[in-house]
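Novice: Before I ask anything, let me first share the structure, which is written out below as structure tokens.
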Amino acid sequence: MPATVLTARALLLDMDGTLVNSDAVVERCWRRWALREGLDPEAALKVVHGRQGYATMAVLLPHRPMEQNYADNRVMLAEETADTDGVIPIGGAPAFLDAIAALPHALVTSADEALALARMTAAGLRMPSIRVTAECVGASKPDPEGFLKGAAELGFAPADCIVFEDSEAGIAAGRAAGMRVVGVGPRAAALAPDAHVEDLTQIRVETSADGSIQLHISAPQ
């Protein structure tokens, strides 16, 4: 099967589920929280991916005061930052980050700066110098604010950017920002991104003479 080729000027990268597999930590922490709140942990895990913690809590407990969600989120972030057991890179992530090191790219994550650094370090991945973390935005994904800020900081129009995302909230945010989306991993498969890969080993990066980025996306081996 021939490769799909997408062309962009800049790349915006989610972290969890896209560059880093942190599912083990996320499930441990959110199961504990759900049980404390009398919720079904399995139902909670269906909505946690991609959002900031307070936004997930607002979905699961819609009548609870947001002040309590913000307080619980601070506790959750501390727990997640301290727990890196089982955090590993997504397949192909080290080589992919090496391939785009000199190209315009930014990390756009619902994690705060401390959690992002902890997980990227635990996975042995280079932290992009330009990043939009939880502290940088007023609204969580699926709001497009984070991706729009990332594009602006890189100096490119949304239409010139490609988003890499794994979650429903993240893919919705990329689309709302007017960007094309490469879906990564099993959660993204059913969400109709512009292209889908099982992991980052399926992507080969090239640059053109005009500086544009070509993503050659192959079928899984």
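A note on labels: chains of the structure tokens are A, B, ... as shown, every chain counts residues from 1, and ligands are counted from 1 in their shown order.
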I'd like the neighbourhood of region 121-135 of chain A as a compact mmCIF listing (two decimals) with C-alpha atoms, in the first residue's frame, where a residue qualifies if any of its atoms comes within 7 Å (using only C-alpha atoms), though same-chain residues fewer than 3 positions away should be ignored.

Specialist:
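Output (part.txt):
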```txt
# COMPACT_ATOMS: atom_id res chain seq x y z
CA VAL A 20 4.42 8.81 25.94
CA THR A 84 6.30 7.30 36.73
CA VAL A 87 5.83 5.30 31.74
CA ILE A 88 7.44 4.37 28.42
CA PRO A 89 7.79 5.97 24.97
CA PRO A 94 12.56 8.82 20.04
CA ALA A 106 5.70 22.36 19.84
CA LEU A 107 4.33 20.21 22.63
CA VAL A 108 0.68 20.95 23.42
CA THR A 109 -0.39 18.96 26.46
CA SER A 110 -3.07 18.98 29.14
CA ALA A 111 -0.32 18.14 31.66
CA ASP A 112 1.28 20.94 33.63
CA GLU A 113 4.98 21.71 33.20
CA LEU A 117 8.84 17.04 32.36
CA ALA A 118 8.45 14.02 34.65
CA GLY A 146 -3.78 25.25 23.34
CA GLY A 150 1.14 26.66 19.86
```

Novice: Near Ala192 (chain A), counting only C-alpha atoms, which residues have an atom at most 12 Å away, once you skip same-chain residues fewer than 3 positions from it, shown as a PyMOL selection string?

Specialist: chain A and resi 165-168+171-172+175+180-184+186-189+195-197

Novice: How about saving the chosen residues, N, CA, C and O atoms kept, as a short mmCIF file (atom, residue, chain, number, x, y, z; two decimals), in the first residue's frame?

Specialist:
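Result file follows (again-v5.cif):
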```cif
data_model
loop_
_atom_site.label_atom_id
_atom_site.label_comp_id
_atom_site.auth_asym_id
_atom_site.auth_seq_id
_atom_site.Cartn_x
_atom_site.Cartn_y
_atom_site.Cartn_z
N GLU A 165 -2.41 13.53 17.84
CA GLU A 165 -3.27 13.34 19.01
C GLU A 165 -3.76 11.90 19.10
O GLU A 165 -3.81 11.19 18.09
N ASP A 166 -4.13 11.50 20.33
CA ASP A 166 -4.63 10.14 20.54
C ASP A 166 -6.05 10.10 21.05
O ASP A 166 -6.71 9.06 20.97
N SER A 167 -6.57 11.20 21.61
CA SER A 167 -7.84 11.15 22.34
C SER A 167 -8.95 11.89 21.61
O SER A 167 -8.71 12.74 20.75
N GLU A 168 -10.17 11.58 22.01
CA GLU A 168 -11.33 12.25 21.42
C GLU A 168 -11.29 13.75 21.70
O GLU A 168 -11.52 14.56 20.80
N ILE A 171 -8.39 15.33 19.56
CA ILE A 171 -8.70 15.40 18.13
C ILE A 171 -9.75 16.47 17.87
O ILE A 171 -9.66 17.25 16.90
N ALA A 172 -10.76 16.56 18.75
CA ALA A 172 -11.77 17.61 18.61
C ALA A 172 -11.14 18.99 18.73
O ALA A 172 -11.51 19.92 18.00
N ARG A 175 -9.27 19.81 15.45
CA ARG A 175 -10.22 20.17 14.39
C ARG A 175 -10.81 21.56 14.62
O ARG A 175 -10.94 22.35 13.68
N ARG A 180 -5.26 19.99 10.55
CA ARG A 180 -5.37 18.56 10.23
C ARG A 180 -4.79 17.75 11.38
O ARG A 180 -3.96 18.24 12.14
N VAL A 181 -5.28 16.51 11.50
CA VAL A 181 -4.93 15.70 12.66
C VAL A 181 -4.44 14.32 12.22
O VAL A 181 -5.10 13.64 11.43
N VAL A 182 -3.29 13.92 12.75
CA VAL A 182 -2.83 12.54 12.66
C VAL A 182 -3.19 11.87 13.99
O VAL A 182 -2.72 12.29 15.04
N GLY A 183 -4.03 10.86 13.93
CA GLY A 183 -4.43 10.13 15.12
C GLY A 183 -3.42 9.03 15.41
O GLY A 183 -2.99 8.31 14.51
N VAL A 184 -3.05 8.91 16.68
CA VAL A 184 -2.03 7.94 17.09
C VAL A 184 -2.65 6.95 18.07
O VAL A 184 -3.23 7.35 19.07
N PRO A 186 -4.76 3.28 19.50
CA PRO A 186 -6.09 2.67 19.38
C PRO A 186 -7.24 3.62 19.67
O PRO A 186 -8.32 3.48 19.07
N ARG A 187 -7.07 4.56 20.60
CA ARG A 187 -8.18 5.46 20.90
C ARG A 187 -8.55 6.33 19.71
O ARG A 187 -9.71 6.71 19.54
N ALA A 188 -7.57 6.66 18.88
CA ALA A 188 -7.81 7.55 17.75
C ALA A 188 -8.42 6.86 16.55
O ALA A 188 -8.98 7.52 15.67
N ALA A 189 -8.35 5.54 16.51
CA ALA A 189 -8.71 4.82 15.29
C ALA A 189 -10.15 5.06 14.85
O ALA A 189 -10.44 5.15 13.66
N ALA A 195 -5.38 11.17 9.14
CA ALA A 195 -4.59 9.95 8.94
C ALA A 195 -4.47 9.29 10.30
O ALA A 195 -4.56 9.95 11.34
N HIS A 196 -4.27 7.97 10.29
CA HIS A 196 -4.14 7.23 11.55
C HIS A 196 -2.94 6.32 11.50
O HIS A 196 -2.65 5.69 10.47
N VAL A 197 -2.21 6.26 12.62
CA VAL A 197 -1.09 5.33 12.76
C VAL A 197 -1.23 4.58 14.08
O VAL A 197 -1.78 5.10 15.05
#
```

Novice: Do a neighbour search on Pro41 (chain A) at 12 Å with only C-alpha atoms, toss out local chain neighbours closer than 6 positions, and write the hits as a list in words.

Specialist: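 Near Pro41 (chain A), the qualifying residues are Val26, Glu27, Arg28, Cys29, Trp30, Arg31, Arg32, Trp33, Ala34, Leu35, Val47, Val48 and Leu60 of chain A.
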
Novice: Could the residues in this selection be written to a file with N, CA and C atoms, as a JSON list (two decimals), in the first residue's frame?

Specialist:
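Saved result, selection22.json, follows:
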```
[["chain", "number", "residue", "atom", "x", "y", "z"],
["A", 26, "VAL", "N", -2.10, 6.77, 34.65],
["A", 26, "VAL", "CA", -3.41, 7.42, 34.56],
["A", 26, "VAL", "C", -4.50, 6.51, 35.15],
["A", 27, "GLU", "N", -4.45, 5.25, 34.81],
["A", 27, "GLU", "CA", -5.48, 4.33, 35.32],
["A", 27, "GLU", "C", -5.37, 4.16, 36.82],
["A", 28, "ARG", "N", -4.15, 4.04, 37.36],
["A", 28, "ARG", "CA", -4.00, 3.90, 38.81],
["A", 28, "ARG", "C", -4.57, 5.11, 39.55],
["A", 29, "CYS", "N", -4.17, 6.29, 39.12],
["A", 29, "CYS", "CA", -4.58, 7.50, 39.83],
["A", 29, "CYS", "C", -6.08, 7.77, 39.71],
["A", 30, "TRP", "N", -6.61, 7.59, 38.50],
["A", 30, "TRP", "CA", -8.02, 7.90, 38.31],
["A", 30, "TRP", "C", -8.93, 6.83, 38.89],
["A", 31, "ARG", "N", -8.48, 5.60, 38.95],
["A", 31, "ARG", "CA", -9.28, 4.57, 39.64],
["A", 31, "ARG", "C", -9.42, 4.93, 41.12],
["A", 32, "ARG", "N", -8.32, 5.35, 41.75],
["A", 32, "ARG", "CA", -8.38, 5.73, 43.16],
["A", 32, "ARG", "C", -9.35, 6.89, 43.37],
["A", 33, "TRP", "N", -9.23, 7.89, 42.50],
["A", 33, "TRP", "CA", -10.11, 9.05, 42.63],
["A", 33, "TRP", "C", -11.57, 8.65, 42.44],
["A", 34, "ALA", "N", -11.88, 7.86, 41.41],
["A", 34, "ALA", "CA", -13.26, 7.45, 41.14],
["A", 34, "ALA", "C", -13.85, 6.68, 42.32],
["A", 35, "LEU", "N", -13.06, 5.79, 42.90],
["A", 35, "LEU", "CA", -13.56, 5.02, 44.03],
["A", 35, "LEU", "C", -13.81, 5.92, 45.24],
["A", 47, "VAL", "N", -13.45, 8.78, 29.93],
["A", 47, "VAL", "CA", -13.47, 10.22, 29.63],
["A", 47, "VAL", "C", -12.23, 10.97, 30.12],
["A", 48, "VAL", "N", -11.28, 10.27, 30.76],
["A", 48, "VAL", "CA", -10.15, 11.00, 31.35],
["A", 48, "VAL", "C", -9.12, 11.44, 30.32],
["A", 60, "LEU", "N", -17.67, 14.21, 34.98],
["A", 60, "LEU", "CA", -18.12, 13.08, 35.79],
["A", 60, "LEU", "C", -19.00, 13.49, 36.96]]
```

Novice: What does the structure give for the distance between CA of Met120 (chain A) and CA of Met179 (chain A), in Å to one decimal?

Specialist: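 Between CA of Met120 (chain A) and CA of Met179 (chain A) the gap works out to 24.6 Å.
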
Novice: Would you list, as a PyMOL selection string, the residues of region 82-218 of chain A that end up in strand (DSSP E or B) under DSSP run on this structure's backbone?

Specialist: chain A and resi 88-89+105-108+131-132+161-165+180-184+195-197+203-207+213-217

Novice: With C-alpha atoms kept, could you save the residues just selected as a compact mmCIF listing (two decimals), in the first residue's frame?

Specialist:
```txt
# COMPACT_ATOMS: atom_id res chain seq x y z
CA ILE A 88 7.44 4.37 28.42
CA PRO A 89 7.79 5.97 24.97
CA HIS A 105 7.22 21.95 16.41
CA ALA A 106 5.70 22.36 19.84
CA LEU A 107 4.33 20.21 22.63
CA VAL A 108 0.68 20.95 23.42
CA ARG A 131 5.49 23.91 24.74
CA VAL A 132 1.97 24.82 25.75
CA CYS A 161 -0.11 22.99 11.16
CA ILE A 162 -0.65 19.28 11.71
CA VAL A 163 -1.69 18.00 15.13
CA PHE A 164 -0.67 14.61 16.53
CA GLU A 165 -3.27 13.34 19.01
CA ARG A 180 -5.37 18.56 10.23
CA VAL A 181 -4.93 15.70 12.66
CA VAL A 182 -2.83 12.54 12.66
CA GLY A 183 -4.43 10.13 15.12
CA VAL A 184 -2.03 7.94 17.09
CA ALA A 195 -4.59 9.95 8.94
CA HIS A 196 -4.14 7.23 11.55
CA VAL A 197 -1.09 5.33 12.76
CA ILE A 203 5.92 8.02 9.94
CA ARG A 204 8.91 9.14 7.89
CA VAL A 205 9.75 12.85 7.91
CA GLU A 206 11.21 14.77 4.97
CA THR A 207 11.68 18.46 4.30
CA ILE A 213 7.47 19.27 6.16
CA GLN A 214 6.37 16.09 4.42
CA LEU A 215 4.99 13.29 6.56
CA HIS A 216 5.09 9.96 4.78
CA ILE A 217 2.62 7.72 6.61
```
